[in-house]
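Structure file target-v3.cif with mmCIF, C-alpha atoms:
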data_data
#
loop_
_atom_site.label_atom_id
_atom_site.label_comp_id
_atom_site.auth_asym_id
_atom_site.auth_seq_id
_atom_site.Cartn_x
_atom_site.Cartn_y
_atom_site.Cartn_z
CA MET M 61 -122.23 193.34 131.35
CA ALA M 62 -122.72 196.68 133.06
CA ASP M 63 -123.10 196.35 136.83
CA ARG M 64 -126.12 198.61 136.80
CA VAL M 65 -128.05 200.57 134.17
CA THR M 66 -130.11 203.59 135.20
CA VAL M 67 -132.30 205.36 132.67
CA ILE M 68 -132.96 208.96 133.64
CA GLY M 69 -135.71 211.01 132.08
CA TRP M 70 -134.99 214.70 131.62
CA ASP M 71 -137.54 217.45 131.08
CA GLY M 72 -135.35 220.50 131.65
CA SER M 73 -136.00 220.73 135.37
CA PRO M 74 -133.27 220.07 137.98
CA LEU M 75 -132.43 216.40 138.43
CA THR M 76 -133.89 214.64 141.45
CA ALA M 77 -131.61 213.43 144.23
CA ALA M 78 -131.91 209.84 142.98
CA ALA M 79 -131.04 210.87 139.41
CA SER M 80 -128.10 213.01 140.54
CA ALA M 81 -126.70 210.20 142.68
CA ALA M 82 -126.94 207.68 139.83
CA LEU M 83 -125.37 210.09 137.34
CA GLY M 84 -122.58 211.04 139.72
CA ALA M 85 -121.56 207.39 140.10
CA ALA M 86 -121.69 206.60 136.37
CA THR M 87 -118.65 205.34 134.50
CA LEU M 88 -120.54 205.42 131.18
CA VAL M 89 -123.16 207.97 130.13
CA ALA M 90 -125.25 207.74 126.96
CA GLY M 91 -127.52 210.48 125.69
CA ALA M 92 -128.13 213.20 123.14
CA ALA M 93 -125.65 216.05 122.77
CA HIS M 94 -127.57 218.34 125.14
CA HIS M 95 -127.67 215.57 127.76
CA LEU M 96 -123.93 214.91 127.58
CA ALA M 97 -123.30 218.65 128.04
CA LEU M 98 -125.04 218.71 131.44
CA PRO M 99 -122.64 219.74 134.22
CA GLU M 100 -123.71 216.74 136.34
CA VAL M 101 -122.11 214.27 133.85
CA PRO M 102 -118.85 213.03 135.49
CA ALA M 103 -115.75 214.32 133.69
CA GLY M 104 -114.10 210.90 133.62
CA ALA M 105 -117.13 208.94 132.40
CA GLU M 106 -117.15 207.36 128.95
CA ARG M 107 -119.67 209.21 126.78
CA ILE M 108 -121.83 207.74 124.04
CA ARG M 109 -123.78 209.97 121.67
CA LEU M 110 -127.19 208.31 121.50
CA GLY M 111 -128.16 207.65 117.89
CA SER M 112 -129.09 204.01 117.50
CA VAL M 113 -130.34 202.79 120.88
CA ALA M 114 -129.57 199.19 119.88
CA LEU M 115 -125.90 200.00 119.19
CA ALA M 116 -125.66 201.89 122.49
CA ALA M 117 -127.22 198.94 124.30
CA ARG M 118 -124.54 196.60 122.93
CA ARG M 119 -121.80 198.91 124.17
CA ILE M 120 -123.48 199.22 127.55
CA ALA M 121 -123.80 195.45 127.78
CA ALA M 122 -120.05 195.10 127.19
CA HIS M 123 -119.17 197.82 129.71
CA ARG M 124 -117.74 196.94 133.10
CA GLY M 125 -119.04 199.56 135.45
CA THR M 126 -122.12 201.66 136.12
CA ALA M 127 -124.05 203.03 133.13
CA VAL M 128 -126.58 205.85 132.86
CA VAL M 129 -128.78 206.58 129.85
CA LEU M 130 -130.30 210.06 129.61
CA ALA M 131 -133.47 210.54 127.57
CA ASP M 132 -135.96 213.36 127.08
CA GLY M 133 -139.22 213.11 128.99
CA ASP M 134 -140.49 209.77 130.26
CA PRO M 135 -138.14 207.14 128.78
CA GLY M 136 -140.78 204.45 129.29
CA PHE M 137 -143.28 206.18 126.98
CA PHE M 138 -142.20 205.59 123.37
CA GLY M 139 -138.68 205.78 124.75
CA VAL M 140 -135.44 203.87 125.15
CA VAL M 141 -136.58 201.54 127.92
CA ARG M 142 -138.24 199.08 125.53
CA THR M 143 -135.04 198.59 123.52
CA LEU M 144 -132.76 198.40 126.57
CA ARG M 145 -134.99 195.71 128.10
CA ALA M 146 -134.79 193.49 124.99
CA PRO M 147 -133.69 189.97 126.00
CA GLU M 148 -130.67 189.93 123.68
CA PHE M 149 -128.92 192.62 125.75
CA GLY M 150 -129.46 191.02 129.14
CA LEU M 151 -129.62 194.39 130.93
CA GLU M 152 -131.31 195.03 134.25
CA VAL M 153 -132.76 198.51 134.02
CA GLU M 154 -133.80 200.98 136.71
CA VAL M 155 -135.87 203.95 135.51
CA VAL M 156 -136.11 207.46 136.92
CA PRO M 157 -138.92 209.06 134.87
CA ALA M 158 -139.66 212.70 134.10
CA VAL M 159 -142.64 214.50 132.62
CA SER M 160 -143.24 213.08 129.15
CA SER M 161 -142.81 215.35 126.14
CA VAL M 162 -146.47 214.81 125.27
CA ALA M 163 -147.65 215.87 128.72
CA ALA M 164 -145.34 218.90 128.60
CA ALA M 165 -146.63 219.91 125.15
CA PHE M 166 -150.27 219.81 126.22
CA ALA M 167 -149.37 221.69 129.39
CA ARG M 168 -147.78 224.45 127.29
CA ALA M 169 -150.96 224.53 125.18
CA GLY M 170 -153.16 224.58 128.31
CA MET M 171 -155.22 221.64 127.05
CA PRO M 172 -156.35 218.26 128.45
CA TRP M 173 -154.92 215.27 126.64
CA ASP M 174 -156.70 212.19 127.98
CA ASP M 175 -158.77 212.26 124.77
CA ALA M 176 -155.78 212.52 122.42
CA GLN M 177 -154.27 209.88 120.18
CA VAL M 178 -150.48 209.65 120.53
CA VAL M 179 -148.33 208.49 117.60
CA VAL M 180 -144.66 208.37 116.69
CA ALA M 181 -143.62 209.60 113.25
CA HIS M 182 -140.48 208.17 111.66
CA ARG M 183 -139.85 208.04 107.94
CA ARG M 184 -141.30 204.52 107.84
CA THR M 185 -144.37 205.36 109.99
CA LEU M 186 -145.05 208.91 108.79
CA ARG M 187 -147.87 207.97 106.42
CA ARG M 188 -149.69 206.02 109.13
CA ALA M 189 -149.23 208.89 111.60
CA VAL M 190 -150.75 211.25 109.04
CA ASN M 191 -153.70 208.89 108.59
CA VAL M 192 -154.37 209.07 112.33
CA CYS M 193 -154.31 212.87 112.07
CA ARG M 194 -156.84 212.65 109.23
CA ALA M 195 -159.17 210.44 111.27
CA HIS M 196 -159.05 212.02 114.74
CA THR M 197 -159.68 215.47 116.18
CA LYS M 198 -156.76 215.58 118.63
CA VAL M 199 -153.43 213.85 117.98
CA ALA M 200 -149.99 214.29 119.53
CA VAL M 201 -147.20 213.44 117.12
CA LEU M 202 -143.72 212.67 118.43
CA THR M 203 -141.66 213.64 115.41
CA SER M 204 -138.19 212.77 114.14
CA PRO M 205 -135.82 214.23 111.51
CA GLY M 206 -137.45 213.85 108.10
CA ALA M 207 -140.84 213.24 109.70
CA GLY M 208 -141.59 216.58 111.30
CA PRO M 209 -144.18 219.37 111.14
CA ALA M 210 -143.39 220.29 107.53
CA GLU M 211 -143.80 216.71 106.31
CA LEU M 212 -147.02 216.30 108.30
CA GLY M 213 -148.44 219.46 106.74
CA LEU M 214 -147.53 218.43 103.21
CA LEU M 215 -149.15 215.01 103.54
CA LEU M 216 -152.31 216.51 105.05
CA GLU M 217 -153.01 218.40 101.83
CA GLY M 218 -156.73 218.87 101.41
CA VAL M 219 -157.46 218.38 105.15
CA HIS M 220 -157.45 221.50 107.34
CA ARG M 221 -155.80 221.09 110.73
CA SER M 222 -154.21 223.39 113.31
CA PHE M 223 -150.72 222.62 114.58
CA VAL M 224 -149.37 223.48 118.02
CA ILE M 225 -145.63 222.92 117.53
CA CYS M 226 -143.49 222.64 120.68
CA GLU M 227 -139.77 222.80 119.90
CA GLU M 228 -136.95 221.80 122.24
CA LEU M 229 -139.18 221.48 125.31
CA GLY M 230 -137.43 222.04 128.61
CA THR M 231 -134.45 223.86 127.14
CA ALA M 232 -133.53 227.53 127.00
CA ARG M 233 -134.45 227.44 123.28
CA GLU M 234 -138.01 226.17 123.89
CA ARG M 235 -140.56 227.65 121.51
CA VAL M 236 -144.30 227.06 121.04
CA SER M 237 -145.92 228.07 117.72
CA VAL M 238 -149.46 227.78 116.37
CA VAL M 239 -149.88 227.47 112.60
CA THR M 240 -152.33 225.95 110.17
CA SER M 241 -151.26 222.68 108.57
CA ASP M 242 -150.90 224.26 105.12
CA LYS M 243 -148.35 226.75 106.48
CA ALA M 244 -146.17 224.27 108.38
CA ALA M 245 -143.95 223.60 105.34
CA ASP M 246 -143.09 227.31 105.13
CA HIS M 247 -140.88 227.14 108.23
CA THR M 248 -137.80 225.29 109.46
CA TRP M 249 -138.49 223.57 112.77
CA ARG M 250 -135.95 222.58 115.41
CA ASP M 251 -135.68 219.01 116.69
CA PRO M 252 -136.81 217.53 118.92
CA ASN M 253 -140.39 218.71 118.73
CA VAL M 254 -143.91 217.55 119.49
CA VAL M 255 -146.82 218.52 117.25
CA ILE M 256 -150.37 218.69 118.59
CA VAL M 257 -152.70 218.29 115.61
CA LEU M 258 -156.22 219.66 116.11
CA GLY M 259 -159.26 219.90 113.86
CA GLY M 260 -162.68 218.67 112.92
CA PRO M 261 -165.94 218.59 114.87
CA ALA M 262 -166.10 216.96 118.30
CA ARG M 263 -168.28 213.89 118.64
CA PRO M 264 -171.73 215.22 119.49
CA ASP M 265 -172.45 212.59 122.14
CA THR M 266 -169.22 213.10 124.10
CA ALA M 267 -168.38 216.80 123.68
CA GLY M 268 -167.69 218.41 127.06
CA GLU M 269 -168.04 215.16 129.01
CA THR M 270 -165.42 213.70 131.33
CA GLY M 271 -163.86 210.66 129.70
CA TRP M 272 -163.22 207.26 131.23
CA ILE M 273 -160.56 205.85 128.87
CA ALA M 274 -157.51 207.46 127.27
CA GLY M 275 -157.63 208.18 123.55
CA ARG M 276 -160.74 207.54 121.54
CA ASP M 277 -163.80 206.42 123.48
CA PRO M 278 -164.83 203.07 121.95
CA SER M 279 -168.38 203.49 123.24
CA ALA M 280 -168.96 206.77 121.38
CA GLY M 281 -171.68 206.67 118.77
CA PRO M 282 -174.37 204.05 118.18
CA ARG M 283 -173.70 200.46 119.16
CA GLY M 284 -173.15 197.92 116.41
CA TRP M 285 -171.53 197.70 112.99
CA SER M 286 -173.16 197.92 109.58
CA LEU M 287 -175.99 200.01 110.94
CA PRO M 288 -179.45 199.78 109.38
CA ALA M 289 -180.51 202.22 106.68
CA GLU M 290 -182.50 204.29 109.20
CA ALA M 291 -179.23 205.36 110.86
CA TYR M 292 -178.18 206.96 107.57
CA GLY M 293 -181.39 208.75 106.74
CA GLY M 294 -183.48 206.01 105.19
CA ASP M 295 -183.24 204.35 101.77
CA LEU M 296 -179.59 203.91 100.74
CA GLY M 297 -180.29 203.01 97.12
CA GLU M 298 -179.16 200.06 95.04
CA GLY M 299 -175.93 198.27 95.84
CA GLU M 300 -175.90 199.15 99.54
CA PRO M 301 -177.88 196.49 101.41
CA GLN M 302 -176.81 196.14 105.03
CA LEU M 303 -175.44 192.59 104.79
CA LEU M 304 -173.36 193.40 101.69
CA ARG M 305 -171.88 196.39 103.50
CA ALA M 306 -171.10 194.23 106.52
CA SER M 307 -169.34 191.68 104.31
CA GLN M 308 -167.32 194.38 102.57
CA LEU M 309 -166.20 195.82 105.91
CA ALA M 310 -165.24 192.36 107.14
CA ARG M 311 -163.12 191.68 104.04
CA LEU M 312 -161.31 195.04 104.21
CA GLY M 313 -160.88 195.25 108.00
CA PRO M 314 -160.20 199.03 108.20
CA ARG M 315 -158.22 200.03 111.29
CA VAL M 316 -156.37 202.89 112.95
CA GLY M 317 -153.51 204.09 110.74
CA ASP M 318 -155.15 202.94 107.49
CA LEU M 319 -156.30 205.16 104.66
CA VAL M 320 -159.52 203.88 103.06
CA TRP M 321 -160.80 204.93 99.67
CA ASP M 322 -164.57 204.58 99.25
CA ILE M 323 -165.21 205.05 95.54
CA GLY M 324 -168.86 205.66 94.78
CA CYS M 325 -169.67 206.54 98.39
CA GLY M 326 -173.39 207.01 97.70
CA SER M 327 -175.15 207.54 101.02
CA GLY M 328 -171.88 207.57 102.95
CA ALA M 329 -172.83 204.53 105.01
CA PHE M 330 -169.68 202.51 104.21
CA ALA M 331 -167.37 205.52 104.57
CA VAL M 332 -168.80 206.36 107.98
CA GLU M 333 -168.52 202.73 109.13
CA ALA M 334 -164.85 202.65 108.14
CA ALA M 335 -164.23 205.94 109.96
CA ARG M 336 -165.95 204.59 113.07
CA ALA M 337 -163.33 201.83 113.04
CA GLY M 338 -160.66 204.54 113.44
CA ALA M 339 -159.41 204.61 109.84
CA ALA M 340 -158.85 207.71 107.74
CA VAL M 341 -161.33 207.79 104.86
CA ILE M 342 -161.51 209.55 101.52
CA ALA M 343 -165.03 209.28 100.10
CA VAL M 344 -165.30 209.79 96.34
CA ASP M 345 -168.42 210.28 94.24
CA SER M 346 -169.31 211.92 90.92
CA ASP M 347 -172.72 212.98 92.31
CA ARG M 348 -172.66 216.21 94.32
CA ALA M 349 -175.83 215.17 96.15
CA ALA M 350 -174.11 211.96 97.29
CA CYS M 351 -171.12 213.97 98.51
CA ALA M 352 -173.42 216.31 100.44
CA ARG M 353 -175.32 213.41 101.99
CA THR M 354 -172.07 211.71 103.00
CA ASP M 355 -170.81 214.92 104.58
CA ALA M 356 -174.05 215.40 106.53
CA THR M 357 -174.00 211.81 107.76
CA ALA M 358 -170.39 212.07 108.90
CA ARG M 359 -171.09 215.27 110.81
CA ARG M 360 -174.16 213.81 112.46
CA LEU M 361 -172.24 210.75 113.64
CA GLY M 362 -169.12 212.76 114.57
CA VAL M 363 -166.51 211.13 112.32
CA GLN M 364 -163.82 212.64 110.13
CA LEU M 365 -164.01 212.19 106.34
CA GLN M 366 -162.38 213.85 103.37
CA ILE M 367 -164.91 214.06 100.56
CA VAL M 368 -163.78 214.35 96.95
CA HIS M 369 -166.21 215.16 94.17
CA GLY M 370 -165.16 213.74 90.81
CA THR M 371 -165.34 210.84 88.40
CA ALA M 372 -163.12 207.80 88.89
CA PRO M 373 -160.61 206.73 87.76
CA HIS M 374 -159.32 210.21 86.77
CA VAL M 375 -160.05 211.80 90.14
CA LEU M 376 -157.95 209.16 91.90
CA GLU M 377 -154.66 210.22 90.34
CA ASN M 378 -153.75 212.84 92.93
CA LEU M 379 -155.11 211.10 96.02
CA PRO M 380 -152.66 209.80 98.66
CA GLU M 381 -151.85 206.09 98.62
CA PRO M 382 -154.60 203.89 100.11
CA ASP M 383 -154.27 200.82 102.30
CA VAL M 384 -157.67 199.33 101.48
CA VAL M 385 -160.29 200.31 98.90
CA ARG M 386 -163.99 199.70 98.32
CA VAL M 387 -165.16 200.19 94.75
CA ALA M 388 -168.92 200.67 94.69
CA GLY M 389 -169.11 202.30 91.25
CA GLY M 390 -167.26 202.36 87.97
CA GLY M 391 -166.89 198.64 87.36
CA ALA M 392 -163.84 196.86 86.02
CA ALA M 393 -162.11 200.01 84.71
CA VAL M 394 -162.04 201.60 88.16
CA VAL M 395 -161.01 198.36 89.86
CA SER M 396 -158.09 198.08 87.42
CA ALA M 397 -157.00 201.67 88.12
CA VAL M 398 -157.17 201.03 91.85
CA ALA M 399 -155.14 197.83 91.52
CA ASP M 400 -152.41 199.85 89.78
CA ARG M 401 -151.96 201.74 93.07
CA ARG M 402 -151.30 198.46 94.94
CA PRO M 403 -153.48 198.78 98.06
CA GLN M 404 -153.32 195.79 100.40
CA ARG M 405 -156.97 194.90 99.85
CA ILE M 406 -159.71 195.76 97.37
CA VAL M 407 -163.37 194.86 97.68
CA THR M 408 -166.17 195.38 95.17
CA HIS M 409 -169.37 193.74 94.01
CA ALA M 410 -171.02 192.82 90.71
CA ALA M 411 -174.60 192.22 89.68
CA THR M 412 -173.84 189.40 87.20
CA ARG M 413 -171.46 186.48 87.00
CA ASP M 414 -169.93 187.77 83.75
CA ALA M 415 -169.09 191.10 85.39
CA ALA M 416 -167.67 189.28 88.42
CA GLU M 417 -165.43 187.11 86.22
CA LEU M 418 -164.13 190.15 84.34
CA ILE M 419 -163.19 191.93 87.57
CA GLY M 420 -161.74 188.75 89.07
CA ARG M 421 -159.48 188.11 86.07
CA ASP M 422 -158.22 191.69 86.16
CA LEU M 423 -157.38 191.48 89.86
CA THR M 424 -155.57 188.19 89.26
CA GLU M 425 -153.52 189.74 86.46
CA HIS M 426 -152.52 192.49 88.91
CA GLY M 427 -151.16 189.88 91.30
CA TYR M 428 -154.03 189.79 93.80
CA GLY M 429 -155.41 186.67 95.39
CA VAL M 430 -159.11 186.72 94.52
CA GLU M 431 -162.16 185.42 96.35
CA CYS M 432 -165.73 185.61 95.09
CA ALA M 433 -168.96 184.71 96.85
CA LEU M 434 -172.60 184.97 95.83
CA LEU M 435 -174.44 186.79 98.60
CA GLN M 436 -178.20 186.54 98.83
CA SER M 437 -180.16 188.15 101.62
CA VAL M 438 -183.89 188.11 102.26
CA GLU M 439 -185.41 190.54 104.74
CA LEU M 440 -188.60 189.36 106.42
CA ASP M 441 -191.43 191.32 107.96
CA THR M 442 -191.67 189.61 111.35
CA ARG M 443 -195.24 190.73 111.90
CA ALA M 444 -196.48 188.39 109.18
CA TRP M 445 -193.19 186.59 108.35
CA THR M 446 -193.47 187.65 104.76
CA GLU M 447 -190.66 188.68 102.46
CA LYS M 448 -189.96 192.44 102.38
CA GLU M 449 -186.82 192.73 100.32
CA ARG M 450 -184.39 190.44 98.51
CA SER M 451 -180.89 191.30 97.28
CA VAL M 452 -178.33 189.28 95.33
CA ALA M 453 -174.76 190.30 94.56
CA PHE M 454 -171.38 188.79 93.76
CA LEU M 455 -168.89 189.94 96.40
CA LEU M 456 -165.29 190.07 95.17
CA SER M 457 -162.19 190.74 97.23
CA GLY M 458 -158.56 190.95 96.21
CA VAL M 459 -155.69 190.57 98.68
CA LEU M 460 -152.13 191.48 97.74
CA PRO M 461 -149.74 188.74 98.91
CA LYS M 462 -147.17 189.83 101.46
CA ARG M 463 -143.78 190.56 100.00
CA GLY M 464 -141.48 187.59 100.28
CA ALA M 465 -144.39 185.24 100.89
#

Give the structure from this file in structure tokens form.
Amino acid sequence: MADRVTVIGWDGSPLTAAASAALGAATLVAGAAHHLALPEVPAGAERIRLGSVALAARRIAAHRGTAVVLADGDPGFFGVVRTLRAPEFGLEVEVVPAVSSVAAAFARAGMPWDDAQVVVAHRRTLRRAVNVCRAHTKVAVLTSPGAGPAELGLLLEGVHRSFVICEELGTARERVSVVTSDKAADHTWRDPNVVIVLGGPARPDTAGETGWIAGRDPSAGPRGWSLPAEAYGGDLGEGEPQLLRASQLARLGPRVGDLVWDIGCGSGAFAVEAARAGAAVIAVDSDRAACARTDATARRLGVQLQIVHGTAPHVLENLPEPDVVRVAGGGAAVVSAVADRRPQRIVTHAATRDAAELIGRDLTEHGYGVECALLQSVELDTRAWTEKERSVAFLLSGVLPKRGA
């Protein structure tokens, strides 16, 4: 095992005395091509081009001598330190950090970033990173080859965002560009780069205030889930009682990185609730008035939604792949079309047992595990303890079994 492993962050500025001393004593140096070309790398040291960090860690573990790993920015922030500290390598790691690429990017843009979401985009996580960009007003994306500004822009089709693209930070080739998301695919961008994704209205209750927690403020907006009808402008219409909505949200469990389809969004209450959970939401309705009401509600409560006017299932064909879906309108035909897209979870409701059985059989045929419950709620007027409103619905949920399970 290597006698000592020092991880040095590099942001383009001169190395500190501690970093220079560690690098000067190294018998093995691992890093990207521009790191290995630094004049401070000892001429006689073994050099490893850093591609797979796990493979490099195995070679470092087998090395007899002093090893240094060079990494851009702060190597403890979405960097190599996590892999090097994995128990299977048995390495003792000392870290000399530098300014993180995210901090440098926001500094170049002259913007605060305590209120930003920070995500990493690889080919396997690109879709989830894009969903965060759909749902939040300020996101820093640490990109990778094949998951860069062009790919982000293409997957954000239909959602306007501004990109601040910082290429090769800290090098002589550093470049900062500002483009709209729909133009990002028109250019070739150099790696590595950081993309700051901006857009959408600020939350009305926090705009201009000093924050107290990094990222999204969990206390923003009204307290509670499945808010009463008054929070959404009064009567929500049939099929949207508060307890049914709460049960639907509980079954779907929307979260950061998810894309939620709300088909038959109606008042927008469910779509807004899902967005308040941090998920990206596409709200669909064939009624223009419902779309307008949903848009107004989202703006008032400061959440991001994409609203699509059209009739399901046809309007769903060109939408990006969902993670979870609520079907509030269209019945069995729409549920079947949604199931063809294979989201992880689907929730809907039916007014009669026959309709519930039809939907349940279709979900089962699509390979979903199905649950059905009869929900009955009675709202009482507590002044006289008399019944105000009663609702009854069959709640159905389909869960796609995990692959290999």

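For the residues M:Ala444, M:Glu381, M:Val156, M:Glu431, ranking by smallest atom-to-atom distance to Gly458 of chain M using all atoms listed in the file places M:Glu431 first.
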
Starting from the shown file, work through the PyMOL selection byres ((chain M and resi 398-404) around 8) and note down what comes out as a tab-separated table (two decimals) with C-alpha atoms, in the frame of the given file.
chain	number	residue	atom	x	y	z
M	373	PRO	CA	-160.61	206.73	87.76
M	381	GLU	CA	-151.85	206.09	98.62
M	382	PRO	CA	-154.60	203.89	100.11
M	383	ASP	CA	-154.27	200.82	102.30
M	384	VAL	CA	-157.67	199.33	101.48
M	385	VAL	CA	-160.29	200.31	98.90
M	394	VAL	CA	-162.04	201.60	88.16
M	395	VAL	CA	-161.01	198.36	89.86
M	396	SER	CA	-158.09	198.08	87.42
M	397	ALA	CA	-157.00	201.67	88.12
M	405	ARG	CA	-156.97	194.90	99.85
M	406	ILE	CA	-159.71	195.76	97.37
M	423	LEU	CA	-157.38	191.48	89.86
M	426	HIS	CA	-152.52	192.49	88.91
M	459	VAL	CA	-155.69	190.57	98.68
M	460	LEU	CA	-152.13	191.48	97.74

Non-local contacts of Ser241 of chain M (7 Å; all atoms listed in the file; under 6 positions in same chain excluded) as a list of chain:residue names = M:Gly213, M:His220, M:Arg221, M:Ser222, M:Phe223

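In terms of minimum interatomic distance to Gly84 of chain M, M:Thr126 ranks closest within M:Ala97, M:Thr126, M:Met171, M:Gln364, counting only C-alpha atoms.
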
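Distance annotation: of M:Ala340, M:Leu214, M:Ala164, M:Ala62, the residue with the minimal separation from Val192 of chain M is M:Ala340; atom set is all atoms listed in the file.
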
Centre and size of axis-aligned box enclosing segment 161-177 of chain M plus 5 Å each side, as JSON:
{"center_x": -150.8, "center_y": 217.2, "center_z": 124.8, "size_x": 26.0, "size_y": 24.7, "size_z": 19.2}

For this structure, which residues satisfy the selection - the PyMOL selection byres ((chain M and resi 168) around 10) - when it is evaluated on the file as given? I want them as a compact mmCIF listing (two decimals) with C-alpha atoms, in the coordinates of the input.
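Generated output (result14.txt):
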# COMPACT_ATOMS: atom_id res chain seq x y z
CA VAL M 162 -146.47 214.81 125.27
CA ALA M 163 -147.65 215.87 128.72
CA ALA M 164 -145.34 218.90 128.60
CA ALA M 165 -146.63 219.91 125.15
CA PHE M 166 -150.27 219.81 126.22
CA ALA M 167 -149.37 221.69 129.39
CA ALA M 169 -150.96 224.53 125.18
CA GLY M 170 -153.16 224.58 128.31
CA MET M 171 -155.22 221.64 127.05
CA VAL M 224 -149.37 223.48 118.02
CA CYS M 226 -143.49 222.64 120.68
CA LEU M 229 -139.18 221.48 125.31
CA ARG M 235 -140.56 227.65 121.51
CA VAL M 236 -144.30 227.06 121.04

message = Calculated over all atoms listed in the file, which of the candidates M:Leu309, M:Val113, M:Val344, M:Val332 has the smallest distance to Val141 of chain M?
response =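 Smallest distance to Val141 of chain M is found for M:Val113.
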
Incomplete segment 369-374 of chain M brought to all heavy atoms, written out as a short mmCIF file (atom, residue, chain, number, x, y, z; two decimals), keeping the file's coordinate frame:
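And here is the file that came out, out_19.cif:
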data_model
loop_
_atom_site.label_atom_id
_atom_site.label_comp_id
_atom_site.auth_asym_id
_atom_site.auth_seq_id
_atom_site.Cartn_x
_atom_site.Cartn_y
_atom_site.Cartn_z
N HIS M 369 -165.24 215.24 95.25
CA HIS M 369 -166.21 215.16 94.17
C HIS M 369 -165.45 214.99 92.85
O HIS M 369 -164.55 215.77 92.53
CB HIS M 369 -167.07 216.42 94.11
CG HIS M 369 -167.96 216.47 92.91
ND1 HIS M 369 -167.71 217.31 91.84
CD2 HIS M 369 -169.08 215.78 92.61
CE1 HIS M 369 -168.66 217.13 90.94
NE2 HIS M 369 -169.50 216.21 91.38
N GLY M 370 -165.80 213.96 92.09
CA GLY M 370 -165.16 213.74 90.81
C GLY M 370 -165.45 212.35 90.30
O GLY M 370 -166.00 211.50 91.01
N THR M 371 -165.06 212.12 89.06
CA THR M 371 -165.34 210.84 88.40
C THR M 371 -164.08 209.98 88.40
O THR M 371 -163.02 210.41 87.95
CB THR M 371 -165.80 211.07 86.95
OG1 THR M 371 -166.97 211.90 86.97
CG2 THR M 371 -166.13 209.74 86.28
N ALA M 372 -164.22 208.77 88.93
CA ALA M 372 -163.12 207.80 88.89
C ALA M 372 -163.06 207.19 87.48
O ALA M 372 -164.09 207.07 86.81
CB ALA M 372 -163.34 206.73 89.94
N PRO M 373 -161.87 206.78 87.01
CA PRO M 373 -160.61 206.73 87.76
C PRO M 373 -159.78 208.02 87.74
O PRO M 373 -158.79 208.10 88.46
CB PRO M 373 -159.86 205.60 87.05
CG PRO M 373 -160.32 205.68 85.63
CD PRO M 373 -161.76 206.09 85.69
N HIS M 374 -160.17 209.03 86.94
CA HIS M 374 -159.32 210.21 86.77
C HIS M 374 -159.10 210.95 88.08
O HIS M 374 -157.99 211.44 88.36
CB HIS M 374 -159.92 211.14 85.72
CG HIS M 374 -160.25 210.46 84.43
ND1 HIS M 374 -159.27 209.92 83.61
CD2 HIS M 374 -161.44 210.18 83.84
CE1 HIS M 374 -159.85 209.36 82.56
NE2 HIS M 374 -161.16 209.51 82.67
#
